[in-house]
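Peer 1: My structure is stored as data.cif, with mmCIF, N, CA and C atoms.
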data_work
#
loop_
_atom_site.label_atom_id
_atom_site.label_comp_id
_atom_site.auth_asym_id
_atom_site.auth_seq_id
_atom_site.Cartn_x
_atom_site.Cartn_y
_atom_site.Cartn_z
N MET V 123 -16.31 12.77 1.68
CA MET V 123 -15.10 11.98 1.80
C MET V 123 -14.37 12.40 3.08
N ALA V 124 -13.89 11.43 3.83
CA ALA V 124 -13.27 11.70 5.12
C ALA V 124 -11.79 12.07 5.02
N ILE V 125 -11.17 11.87 3.87
CA ILE V 125 -9.73 12.11 3.73
C ILE V 125 -9.48 13.16 2.65
N THR V 126 -8.65 14.14 2.97
CA THR V 126 -8.16 15.12 2.00
C THR V 126 -6.65 14.97 1.94
N LEU V 127 -6.11 14.75 0.74
CA LEU V 127 -4.67 14.58 0.55
C LEU V 127 -4.06 15.89 0.06
N VAL V 128 -2.90 16.26 0.65
CA VAL V 128 -2.32 17.57 0.39
C VAL V 128 -0.81 17.45 0.23
N ASN V 129 -0.25 18.25 -0.67
CA ASN V 129 1.19 18.49 -0.75
C ASN V 129 1.41 19.94 -0.36
N PRO V 130 1.71 20.22 0.92
CA PRO V 130 1.86 21.61 1.36
C PRO V 130 3.06 22.32 0.73
N ASP V 131 2.96 23.63 0.61
CA ASP V 131 4.10 24.43 0.16
C ASP V 131 5.27 24.18 1.09
N GLY V 132 6.46 24.16 0.53
CA GLY V 132 7.65 23.96 1.32
C GLY V 132 8.10 22.51 1.40
N LEU V 133 7.26 21.59 0.89
CA LEU V 133 7.62 20.17 0.82
C LEU V 133 7.60 19.74 -0.64
N PRO V 134 8.44 18.80 -1.02
CA PRO V 134 8.44 18.37 -2.42
C PRO V 134 7.13 17.66 -2.79
N ALA V 135 6.68 17.89 -4.01
CA ALA V 135 5.51 17.19 -4.54
C ALA V 135 5.99 15.86 -5.11
N ILE V 136 5.55 14.78 -4.53
CA ILE V 136 5.95 13.44 -4.95
C ILE V 136 4.81 12.84 -5.77
N ASP V 137 5.13 12.25 -6.91
CA ASP V 137 4.09 11.71 -7.78
C ASP V 137 3.31 10.56 -7.17
N VAL V 138 3.99 9.67 -6.44
CA VAL V 138 3.33 8.43 -6.01
C VAL V 138 2.65 8.52 -4.65
N TYR V 139 2.79 9.65 -3.95
CA TYR V 139 2.04 9.85 -2.71
C TYR V 139 1.96 11.33 -2.39
N ARG V 140 1.07 11.68 -1.46
CA ARG V 140 0.96 13.05 -0.97
C ARG V 140 1.64 13.11 0.38
N GLN V 141 2.10 14.27 0.76
CA GLN V 141 2.84 14.43 2.00
C GLN V 141 1.96 14.38 3.25
N VAL V 142 0.70 14.79 3.12
CA VAL V 142 -0.18 14.92 4.28
C VAL V 142 -1.58 14.43 3.93
N SER V 143 -2.21 13.80 4.91
CA SER V 143 -3.64 13.53 4.78
C SER V 143 -4.36 14.14 5.97
N VAL V 144 -5.51 14.74 5.70
CA VAL V 144 -6.32 15.34 6.75
C VAL V 144 -7.59 14.51 6.85
N ALA V 145 -7.85 13.99 8.05
CA ALA V 145 -9.00 13.11 8.26
C ALA V 145 -10.10 13.85 8.99
N SER V 146 -11.32 13.71 8.49
CA SER V 146 -12.46 14.34 9.15
C SER V 146 -13.54 13.32 9.51
N GLY V 147 -13.29 12.06 9.26
CA GLY V 147 -14.28 11.02 9.54
C GLY V 147 -14.31 10.65 11.01
N SER V 148 -15.16 9.69 11.32
CA SER V 148 -15.35 9.33 12.73
C SER V 148 -14.95 7.89 13.06
N ARG V 149 -14.64 7.07 12.04
CA ARG V 149 -14.26 5.68 12.30
C ARG V 149 -12.85 5.43 11.78
N LEU V 150 -11.94 5.04 12.66
CA LEU V 150 -10.59 4.68 12.25
C LEU V 150 -10.58 3.19 11.90
N VAL V 151 -9.92 2.87 10.80
CA VAL V 151 -9.79 1.49 10.37
C VAL V 151 -8.30 1.19 10.23
N PHE V 152 -7.86 0.14 10.92
CA PHE V 152 -6.47 -0.28 10.87
C PHE V 152 -6.42 -1.63 10.16
N VAL V 153 -5.80 -1.66 8.99
CA VAL V 153 -5.71 -2.88 8.21
C VAL V 153 -4.36 -3.53 8.51
N ALA V 154 -4.40 -4.78 8.96
CA ALA V 154 -3.18 -5.52 9.23
C ALA V 154 -2.32 -5.58 7.98
N GLY V 155 -1.02 -5.75 8.17
CA GLY V 155 -0.12 -5.87 7.03
C GLY V 155 -0.59 -6.98 6.10
N GLN V 156 -0.75 -6.61 4.84
CA GLN V 156 -1.23 -7.56 3.84
C GLN V 156 -0.06 -8.03 2.98
N VAL V 157 0.04 -9.34 2.83
CA VAL V 157 1.08 -9.95 2.01
C VAL V 157 0.44 -10.50 0.74
N ALA V 158 1.25 -11.12 -0.10
CA ALA V 158 0.78 -11.59 -1.42
C ALA V 158 0.11 -12.95 -1.33
N TRP V 159 -0.91 -13.06 -0.50
CA TRP V 159 -1.73 -14.27 -0.44
C TRP V 159 -3.01 -14.04 -1.20
N ASP V 160 -3.48 -15.08 -1.89
CA ASP V 160 -4.82 -15.02 -2.48
C ASP V 160 -5.82 -15.41 -1.40
N ALA V 161 -7.09 -15.49 -1.74
CA ALA V 161 -8.14 -15.77 -0.77
C ALA V 161 -8.00 -17.14 -0.11
N GLU V 162 -7.28 -18.05 -0.75
CA GLU V 162 -7.07 -19.39 -0.19
C GLU V 162 -5.77 -19.48 0.61
N GLY V 163 -5.02 -18.40 0.72
CA GLY V 163 -3.78 -18.40 1.47
C GLY V 163 -2.57 -18.86 0.68
N ASN V 164 -2.69 -18.89 -0.66
CA ASN V 164 -1.56 -19.25 -1.52
C ASN V 164 -0.77 -18.00 -1.89
N THR V 165 0.55 -18.10 -1.89
CA THR V 165 1.38 -16.96 -2.28
C THR V 165 1.24 -16.70 -3.78
N VAL V 166 0.99 -15.45 -4.11
CA VAL V 166 0.88 -15.00 -5.49
C VAL V 166 2.21 -14.38 -5.90
N GLY V 167 2.70 -14.70 -7.09
CA GLY V 167 3.88 -14.03 -7.63
C GLY V 167 5.18 -14.37 -6.93
N ALA V 168 5.41 -15.63 -6.65
CA ALA V 168 6.66 -16.02 -6.00
C ALA V 168 7.86 -15.47 -6.77
N GLY V 169 8.73 -14.74 -6.09
CA GLY V 169 9.92 -14.18 -6.72
C GLY V 169 9.68 -12.95 -7.57
N ASP V 170 8.45 -12.44 -7.64
CA ASP V 170 8.07 -11.33 -8.53
C ASP V 170 7.57 -10.17 -7.68
N LEU V 171 8.43 -9.19 -7.40
CA LEU V 171 8.06 -8.08 -6.52
C LEU V 171 6.84 -7.34 -7.04
N ALA V 172 6.77 -7.03 -8.32
CA ALA V 172 5.64 -6.27 -8.86
C ALA V 172 4.33 -7.03 -8.65
N ALA V 173 4.32 -8.32 -8.92
CA ALA V 173 3.10 -9.13 -8.74
C ALA V 173 2.69 -9.16 -7.27
N GLN V 174 3.68 -9.23 -6.38
CA GLN V 174 3.35 -9.29 -4.96
C GLN V 174 2.84 -7.93 -4.45
N VAL V 175 3.42 -6.85 -4.93
CA VAL V 175 2.92 -5.52 -4.56
C VAL V 175 1.47 -5.38 -5.02
N GLU V 176 1.21 -5.77 -6.25
CA GLU V 176 -0.16 -5.71 -6.77
C GLU V 176 -1.11 -6.48 -5.87
N GLN V 177 -0.76 -7.70 -5.50
CA GLN V 177 -1.64 -8.52 -4.66
C GLN V 177 -1.83 -7.89 -3.28
N CYS V 178 -0.77 -7.33 -2.73
CA CYS V 178 -0.89 -6.67 -1.42
C CYS V 178 -1.90 -5.52 -1.49
N TYR V 179 -1.80 -4.70 -2.51
CA TYR V 179 -2.73 -3.57 -2.65
C TYR V 179 -4.15 -4.07 -2.88
N LEU V 180 -4.31 -5.12 -3.66
CA LEU V 180 -5.65 -5.69 -3.86
C LEU V 180 -6.20 -6.23 -2.54
N ASN V 181 -5.34 -6.82 -1.72
CA ASN V 181 -5.78 -7.33 -0.43
C ASN V 181 -6.17 -6.20 0.52
N VAL V 182 -5.41 -5.10 0.50
CA VAL V 182 -5.79 -3.94 1.31
C VAL V 182 -7.16 -3.44 0.85
N ALA V 183 -7.37 -3.36 -0.45
CA ALA V 183 -8.66 -2.91 -0.98
C ALA V 183 -9.79 -3.84 -0.55
N ALA V 184 -9.54 -5.14 -0.57
CA ALA V 184 -10.56 -6.11 -0.14
C ALA V 184 -10.89 -5.94 1.33
N ALA V 185 -9.85 -5.72 2.15
CA ALA V 185 -10.07 -5.51 3.58
C ALA V 185 -10.91 -4.26 3.81
N LEU V 186 -10.58 -3.19 3.10
CA LEU V 186 -11.34 -1.95 3.24
C LEU V 186 -12.78 -2.11 2.76
N ALA V 187 -12.96 -2.78 1.63
CA ALA V 187 -14.31 -3.01 1.11
C ALA V 187 -15.15 -3.80 2.11
N GLY V 188 -14.51 -4.69 2.84
CA GLY V 188 -15.22 -5.50 3.83
C GLY V 188 -15.82 -4.70 4.97
N VAL V 189 -15.32 -3.47 5.17
CA VAL V 189 -15.89 -2.61 6.21
C VAL V 189 -16.51 -1.34 5.62
N GLY V 190 -16.78 -1.37 4.31
CA GLY V 190 -17.45 -0.25 3.66
C GLY V 190 -16.53 0.86 3.20
N GLY V 191 -15.24 0.56 3.03
CA GLY V 191 -14.30 1.59 2.61
C GLY V 191 -13.63 1.29 1.29
N SER V 192 -12.70 2.15 0.91
CA SER V 192 -11.92 1.99 -0.32
C SER V 192 -10.59 2.71 -0.14
N PHE V 193 -9.76 2.69 -1.16
CA PHE V 193 -8.48 3.40 -1.09
C PHE V 193 -8.68 4.91 -0.92
N ASP V 194 -9.84 5.42 -1.31
CA ASP V 194 -10.11 6.85 -1.11
C ASP V 194 -10.15 7.21 0.37
N ASP V 195 -10.32 6.22 1.24
CA ASP V 195 -10.42 6.45 2.67
C ASP V 195 -9.09 6.26 3.41
N VAL V 196 -8.04 5.88 2.68
CA VAL V 196 -6.75 5.59 3.33
C VAL V 196 -6.04 6.89 3.70
N ALA V 197 -5.67 6.98 4.98
CA ALA V 197 -4.95 8.15 5.48
C ALA V 197 -3.45 7.92 5.47
N LYS V 198 -3.00 6.65 5.54
CA LYS V 198 -1.57 6.36 5.63
C LYS V 198 -1.30 4.92 5.24
N LEU V 199 -0.24 4.70 4.47
CA LEU V 199 0.24 3.37 4.11
C LEU V 199 1.65 3.19 4.65
N ASN V 200 1.96 1.97 5.06
CA ASN V 200 3.32 1.56 5.37
C ASN V 200 3.64 0.37 4.49
N VAL V 201 4.74 0.46 3.77
CA VAL V 201 5.14 -0.60 2.84
C VAL V 201 6.50 -1.12 3.30
N HIS V 202 6.56 -2.43 3.52
CA HIS V 202 7.79 -3.09 3.98
C HIS V 202 8.28 -3.99 2.85
N VAL V 203 9.49 -3.75 2.36
CA VAL V 203 10.03 -4.52 1.24
C VAL V 203 11.30 -5.23 1.71
N VAL V 204 11.35 -6.53 1.45
CA VAL V 204 12.51 -7.33 1.82
C VAL V 204 13.71 -6.93 0.97
N ASP V 205 14.86 -6.73 1.63
CA ASP V 205 16.12 -6.40 0.96
C ASP V 205 15.98 -5.22 0.00
N TRP V 206 15.34 -4.15 0.46
CA TRP V 206 15.09 -2.99 -0.39
C TRP V 206 16.38 -2.36 -0.87
N THR V 207 16.40 -2.04 -2.16
CA THR V 207 17.42 -1.19 -2.77
C THR V 207 16.69 -0.29 -3.76
N PRO V 208 17.18 0.91 -4.01
CA PRO V 208 16.49 1.85 -4.89
C PRO V 208 16.21 1.30 -6.30
N ASP V 209 17.02 0.36 -6.77
CA ASP V 209 16.78 -0.17 -8.11
C ASP V 209 15.49 -0.99 -8.18
N LYS V 210 14.85 -1.29 -7.04
CA LYS V 210 13.57 -2.02 -7.02
C LYS V 210 12.37 -1.09 -7.19
N MET V 211 12.62 0.23 -7.16
CA MET V 211 11.51 1.18 -7.26
C MET V 211 10.64 0.97 -8.50
N PRO V 212 11.19 0.74 -9.70
CA PRO V 212 10.30 0.51 -10.85
C PRO V 212 9.36 -0.69 -10.66
N LEU V 213 9.83 -1.74 -10.01
CA LEU V 213 8.98 -2.91 -9.75
C LEU V 213 7.87 -2.56 -8.77
N LEU V 214 8.22 -1.81 -7.73
CA LEU V 214 7.22 -1.36 -6.76
C LEU V 214 6.15 -0.52 -7.45
N LEU V 215 6.60 0.45 -8.24
CA LEU V 215 5.66 1.34 -8.93
C LEU V 215 4.81 0.58 -9.95
N ASP V 216 5.39 -0.42 -10.62
CA ASP V 216 4.64 -1.23 -11.56
C ASP V 216 3.52 -1.98 -10.85
N GLY V 217 3.83 -2.57 -9.71
CA GLY V 217 2.81 -3.29 -8.95
C GLY V 217 1.69 -2.38 -8.48
N ILE V 218 2.05 -1.18 -8.02
CA ILE V 218 1.04 -0.21 -7.59
C ILE V 218 0.18 0.20 -8.77
N SER V 219 0.80 0.45 -9.93
CA SER V 219 0.04 0.85 -11.13
C SER V 219 -0.92 -0.24 -11.57
N ARG V 220 -0.47 -1.48 -11.53
CA ARG V 220 -1.33 -2.60 -11.93
C ARG V 220 -2.52 -2.73 -10.98
N ALA V 221 -2.27 -2.58 -9.69
CA ALA V 221 -3.38 -2.63 -8.73
C ALA V 221 -4.33 -1.46 -8.94
N ALA V 222 -3.78 -0.27 -9.16
CA ALA V 222 -4.61 0.91 -9.37
C ALA V 222 -5.51 0.73 -10.59
N ALA V 223 -4.98 0.15 -11.66
CA ALA V 223 -5.78 -0.08 -12.86
C ALA V 223 -6.93 -1.04 -12.57
N LYS V 224 -6.65 -2.10 -11.80
CA LYS V 224 -7.71 -3.06 -11.46
C LYS V 224 -8.75 -2.45 -10.53
N LEU V 225 -8.32 -1.56 -9.64
CA LEU V 225 -9.21 -0.96 -8.66
C LEU V 225 -9.93 0.27 -9.18
N GLY V 226 -9.43 0.83 -10.28
CA GLY V 226 -10.01 2.07 -10.78
C GLY V 226 -9.74 3.23 -9.83
N ALA V 227 -8.60 3.18 -9.15
CA ALA V 227 -8.25 4.21 -8.16
C ALA V 227 -6.77 4.52 -8.27
N THR V 228 -6.40 5.66 -7.75
CA THR V 228 -4.98 6.02 -7.69
C THR V 228 -4.60 6.14 -6.22
N PRO V 229 -4.00 5.09 -5.65
CA PRO V 229 -3.68 5.13 -4.22
C PRO V 229 -2.45 5.97 -3.94
N VAL V 230 -2.66 7.24 -3.49
CA VAL V 230 -1.55 8.15 -3.25
C VAL V 230 -1.56 8.77 -1.85
N PRO V 231 -2.04 8.06 -0.83
CA PRO V 231 -1.97 8.65 0.50
C PRO V 231 -0.52 8.73 0.97
N PRO V 232 -0.27 9.49 2.04
CA PRO V 232 1.09 9.47 2.59
C PRO V 232 1.53 8.03 2.82
N ALA V 233 2.80 7.77 2.54
CA ALA V 233 3.31 6.41 2.65
C ALA V 233 4.72 6.41 3.20
N THR V 234 5.04 5.36 3.91
CA THR V 234 6.39 5.14 4.40
C THR V 234 6.88 3.84 3.79
N LEU V 235 8.05 3.88 3.17
CA LEU V 235 8.67 2.69 2.57
C LEU V 235 9.84 2.29 3.44
N LEU V 236 9.79 1.05 3.93
CA LEU V 236 10.84 0.54 4.80
C LEU V 236 11.46 -0.72 4.21
N GLY V 237 12.77 -0.78 4.21
CA GLY V 237 13.46 -2.00 3.85
C GLY V 237 13.58 -2.88 5.07
N VAL V 238 13.27 -4.16 4.93
CA VAL V 238 13.33 -5.10 6.05
C VAL V 238 14.16 -6.31 5.64
N ALA V 239 14.68 -7.02 6.62
CA ALA V 239 15.49 -8.21 6.35
C ALA V 239 14.65 -9.37 5.87
N ALA V 240 13.46 -9.53 6.46
CA ALA V 240 12.61 -10.68 6.10
C ALA V 240 11.19 -10.40 6.58
N LEU V 241 10.25 -11.19 6.05
CA LEU V 241 8.87 -11.17 6.50
C LEU V 241 8.53 -12.54 7.08
N ASP V 242 7.26 -12.75 7.41
CA ASP V 242 6.84 -13.97 8.10
C ASP V 242 7.04 -15.26 7.30
N VAL V 243 6.91 -15.17 6.00
CA VAL V 243 7.06 -16.33 5.12
C VAL V 243 8.18 -16.01 4.13
N PRO V 244 9.15 -16.90 3.95
CA PRO V 244 10.30 -16.58 3.09
C PRO V 244 9.93 -16.15 1.67
N GLU V 245 8.80 -16.62 1.13
CA GLU V 245 8.40 -16.26 -0.24
C GLU V 245 7.85 -14.84 -0.34
N HIS V 246 7.49 -14.24 0.78
CA HIS V 246 6.90 -12.91 0.76
C HIS V 246 7.99 -11.85 0.63
N LEU V 247 7.81 -10.99 -0.36
CA LEU V 247 8.78 -9.93 -0.65
C LEU V 247 8.33 -8.56 -0.16
N VAL V 248 7.03 -8.43 0.15
CA VAL V 248 6.48 -7.12 0.51
C VAL V 248 5.26 -7.31 1.41
N GLU V 249 5.05 -6.34 2.27
CA GLU V 249 3.86 -6.29 3.13
C GLU V 249 3.38 -4.86 3.19
N VAL V 250 2.07 -4.66 3.08
CA VAL V 250 1.48 -3.33 3.04
C VAL V 250 0.40 -3.23 4.11
N GLU V 251 0.53 -2.22 4.99
CA GLU V 251 -0.50 -1.99 5.99
C GLU V 251 -1.10 -0.61 5.77
N ALA V 252 -2.35 -0.45 6.20
CA ALA V 252 -3.06 0.80 5.94
C ALA V 252 -3.84 1.26 7.16
N THR V 253 -3.95 2.57 7.28
CA THR V 253 -4.84 3.21 8.23
C THR V 253 -5.83 4.03 7.40
N ALA V 254 -7.10 3.83 7.66
CA ALA V 254 -8.13 4.53 6.91
C ALA V 254 -9.08 5.22 7.88
N VAL V 255 -9.81 6.20 7.36
CA VAL V 255 -10.81 6.92 8.15
C VAL V 255 -12.10 6.92 7.35
N LEU V 256 -13.17 6.44 7.98
CA LEU V 256 -14.48 6.40 7.34
C LEU V 256 -15.42 7.36 8.06
N ASP V 257 -16.36 7.93 7.30
CA ASP V 257 -17.39 8.81 7.93
C ASP V 257 -18.28 8.00 8.82
#
Could you write out this file's structure as structure tokens?

Peer 2:
Amino acid sequence: MAITLVNPDGLPAIDVYRQVSVASGSRLVFVAGQVAWDAEGNTVGAGDLAAQVEQCYLNVAAALAGVGGSFDDVAKLNVHVVDWTPDKMPLLLDGISRAAAKLGATPVPPATLLGVAALDVPEHLVEVEATAVLD
């Protein structure tokens, strides 16, 4: 495996992600920000943050699978949520949990959560981008 996830001493241990990833692979994979579109380009979960988070994570997984990777290869995630407030955290975590159950994986690489004013399409509530490392 090209990625080792670590919570170093001196930093808080966060349940939903690790503080550091160490990459030893030779191929970097940059996945464009994934929104809640299905394979036909239809928005999934209009108005439902958890459903859209789930679809974004499934889309990231599909992109990685297309180049021979999986969430186990992700070194870093960036999550952009429209009009973020802390009370949305349970919805975000629910969407991640639902995607993890479908994928049979626990996606916990280092992650950055950013609140944004808007995304490309008004119906989109979240966008997830990933950097992965493959052997």

Peer 1: Hey, which of V:Ala135, V:Ala145, V:Leu199, V:Ala172 ends up closest to Thr234 in chain V? Count only N, CA and C atoms.

Peer 2: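 Closest residue, counting only N, CA and C atoms: V:Leu199.
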
Peer 1: Selected by the PyMOL selection byres ((chain V and resi 230) around 6.5) in the shown coordinates: which residues, as a ChimeraX atom specification?

Peer 2: /V:138-140,228-229,231-233

Peer 1: Name the residues that the PyMOL selection byres ((chain V and resi 202-210) around 6) picks from the file above, as a PyMOL selection string, using the file's chain letters and numbers.

Peer 2: chain V and resi 200-201+211-214+235-240+247-250

Peer 1: Quick one: pick out all alpha helix (DSSP H) residues within chain V from a backbone DSSP run and write them as a compact mmCIF listing (two decimals) with N, CA and C atoms, in the coordinates of the input.

Peer 2:
# COMPACT_ATOMS: atom_id res chain seq x y z
N LEU V 171 8.43 -9.19 -7.40
CA LEU V 171 8.06 -8.08 -6.52
C LEU V 171 6.84 -7.34 -7.04
N ALA V 172 6.77 -7.03 -8.32
CA ALA V 172 5.64 -6.27 -8.86
C ALA V 172 4.33 -7.03 -8.65
N ALA V 173 4.32 -8.32 -8.92
CA ALA V 173 3.10 -9.13 -8.74
C ALA V 173 2.69 -9.16 -7.27
N GLN V 174 3.68 -9.23 -6.38
CA GLN V 174 3.35 -9.29 -4.96
C GLN V 174 2.84 -7.93 -4.45
N VAL V 175 3.42 -6.85 -4.93
CA VAL V 175 2.92 -5.52 -4.56
C VAL V 175 1.47 -5.38 -5.02
N GLU V 176 1.21 -5.77 -6.25
CA GLU V 176 -0.16 -5.71 -6.77
C GLU V 176 -1.11 -6.48 -5.87
N GLN V 177 -0.76 -7.70 -5.50
CA GLN V 177 -1.64 -8.52 -4.66
C GLN V 177 -1.83 -7.89 -3.28
N CYS V 178 -0.77 -7.33 -2.73
CA CYS V 178 -0.89 -6.67 -1.42
C CYS V 178 -1.90 -5.52 -1.49
N TYR V 179 -1.80 -4.70 -2.51
CA TYR V 179 -2.73 -3.57 -2.65
C TYR V 179 -4.15 -4.07 -2.88
N LEU V 180 -4.31 -5.12 -3.66
CA LEU V 180 -5.65 -5.69 -3.86
C LEU V 180 -6.20 -6.23 -2.54
N ASN V 181 -5.34 -6.82 -1.72
CA ASN V 181 -5.78 -7.33 -0.43
C ASN V 181 -6.17 -6.20 0.52
N VAL V 182 -5.41 -5.10 0.50
CA VAL V 182 -5.79 -3.94 1.31
C VAL V 182 -7.16 -3.44 0.85
N ALA V 183 -7.37 -3.36 -0.45
CA ALA V 183 -8.66 -2.91 -0.98
C ALA V 183 -9.79 -3.84 -0.55
N ALA V 184 -9.54 -5.14 -0.57
CA ALA V 184 -10.56 -6.11 -0.14
C ALA V 184 -10.89 -5.94 1.33
N ALA V 185 -9.85 -5.72 2.15
CA ALA V 185 -10.07 -5.51 3.58
C ALA V 185 -10.91 -4.26 3.81
N LEU V 186 -10.58 -3.19 3.10
CA LEU V 186 -11.34 -1.95 3.24
C LEU V 186 -12.78 -2.11 2.76
N ALA V 187 -12.96 -2.78 1.63
CA ALA V 187 -14.31 -3.01 1.11
C ALA V 187 -15.15 -3.80 2.11
N MET V 211 12.62 0.23 -7.16
CA MET V 211 11.51 1.18 -7.26
C MET V 211 10.64 0.97 -8.50
N PRO V 212 11.19 0.74 -9.70
CA PRO V 212 10.30 0.51 -10.85
C PRO V 212 9.36 -0.69 -10.66
N LEU V 213 9.83 -1.74 -10.01
CA LEU V 213 8.98 -2.91 -9.75
C LEU V 213 7.87 -2.56 -8.77
N LEU V 214 8.22 -1.81 -7.73
CA LEU V 214 7.22 -1.36 -6.76
C LEU V 214 6.15 -0.52 -7.45
N LEU V 215 6.60 0.45 -8.24
CA LEU V 215 5.66 1.34 -8.93
C LEU V 215 4.81 0.58 -9.95
N ASP V 216 5.39 -0.42 -10.62
CA ASP V 216 4.64 -1.23 -11.56
C ASP V 216 3.52 -1.98 -10.85
N GLY V 217 3.83 -2.57 -9.71
CA GLY V 217 2.81 -3.29 -8.95
C GLY V 217 1.69 -2.38 -8.48
N ILE V 218 2.05 -1.18 -8.02
CA ILE V 218 1.04 -0.21 -7.59
C ILE V 218 0.18 0.20 -8.77
N SER V 219 0.80 0.45 -9.93
CA SER V 219 0.04 0.85 -11.13
C SER V 219 -0.92 -0.24 -11.57
N ARG V 220 -0.47 -1.48 -11.53
CA ARG V 220 -1.33 -2.60 -11.93
C ARG V 220 -2.52 -2.73 -10.98
N ALA V 221 -2.27 -2.58 -9.69
CA ALA V 221 -3.38 -2.63 -8.73
C ALA V 221 -4.33 -1.46 -8.94
N ALA V 222 -3.78 -0.27 -9.16
CA ALA V 222 -4.61 0.91 -9.37
C ALA V 222 -5.51 0.73 -10.59
N ALA V 223 -4.98 0.15 -11.66
CA ALA V 223 -5.78 -0.08 -12.86
C ALA V 223 -6.93 -1.04 -12.57
N LYS V 224 -6.65 -2.10 -11.80
CA LYS V 224 -7.71 -3.06 -11.46
C LYS V 224 -8.75 -2.45 -10.53
N LEU V 225 -8.32 -1.56 -9.64
CA LEU V 225 -9.21 -0.96 -8.66
C LEU V 225 -9.93 0.27 -9.18

Peer 1: Please identify all polymer residues within 8 Å of Gly217 in chain V, counting all atoms listed in the file, omitting same-chain residues fewer than 2 positions from it, and present them as a PyMOL selection string.

Peer 2: chain V and resi 171-179+211-215+219-223

Peer 1: Residues near Leu186 in chain V, anyone? I mean within 10 Å using only C-alpha atoms, not counting same-chain ones fewer than 6 positions away, as a list in words.

Peer 2: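 Neighbouring residues, sequence-local ones excluded: Val151, Phe152, Val153, Leu180, Ser192, Phe193, Asp194, Asp195, Val196, Ala252, Thr253, Ala254 and Leu256 of chain V.
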
Peer 1: Quick check for you: according to DSSP on this backbone, which residues of chain V are classed as strand (DSSP E or B)? Reply as a VMD selection string.

Peer 2: chain V and resid 125 to 128 142 to 145 149 to 156 159 165 196 to 204 233 to 238 248 to 256

Peer 1: Which is closer to Ala124 in chain V than all the others in V:Val144, V:Leu241, V:Ala185, V:Ile136, using all atoms listed in the file?

Peer 2: V:Val144

Peer 1: What separation in Å, quoted to one decimal, exists between CA of Ala161 in chain V and CA of Ile125 in chain V?

Peer 2: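 If I compute the distance from CA of Ala161 in chain V to CA of Ile125 in chain V, I get 28.3 Å.
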
Peer 1: Hey, which of V:Met123, V:Gly190, V:Val182, V:Ile218 ends up closest to Ala154 in chain V? Count only N, CA and C atoms.

Peer 2: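 Comparing V:Met123, V:Gly190, V:Val182, V:Ile218 against Ala154 in chain V, the winner is V:Val182.
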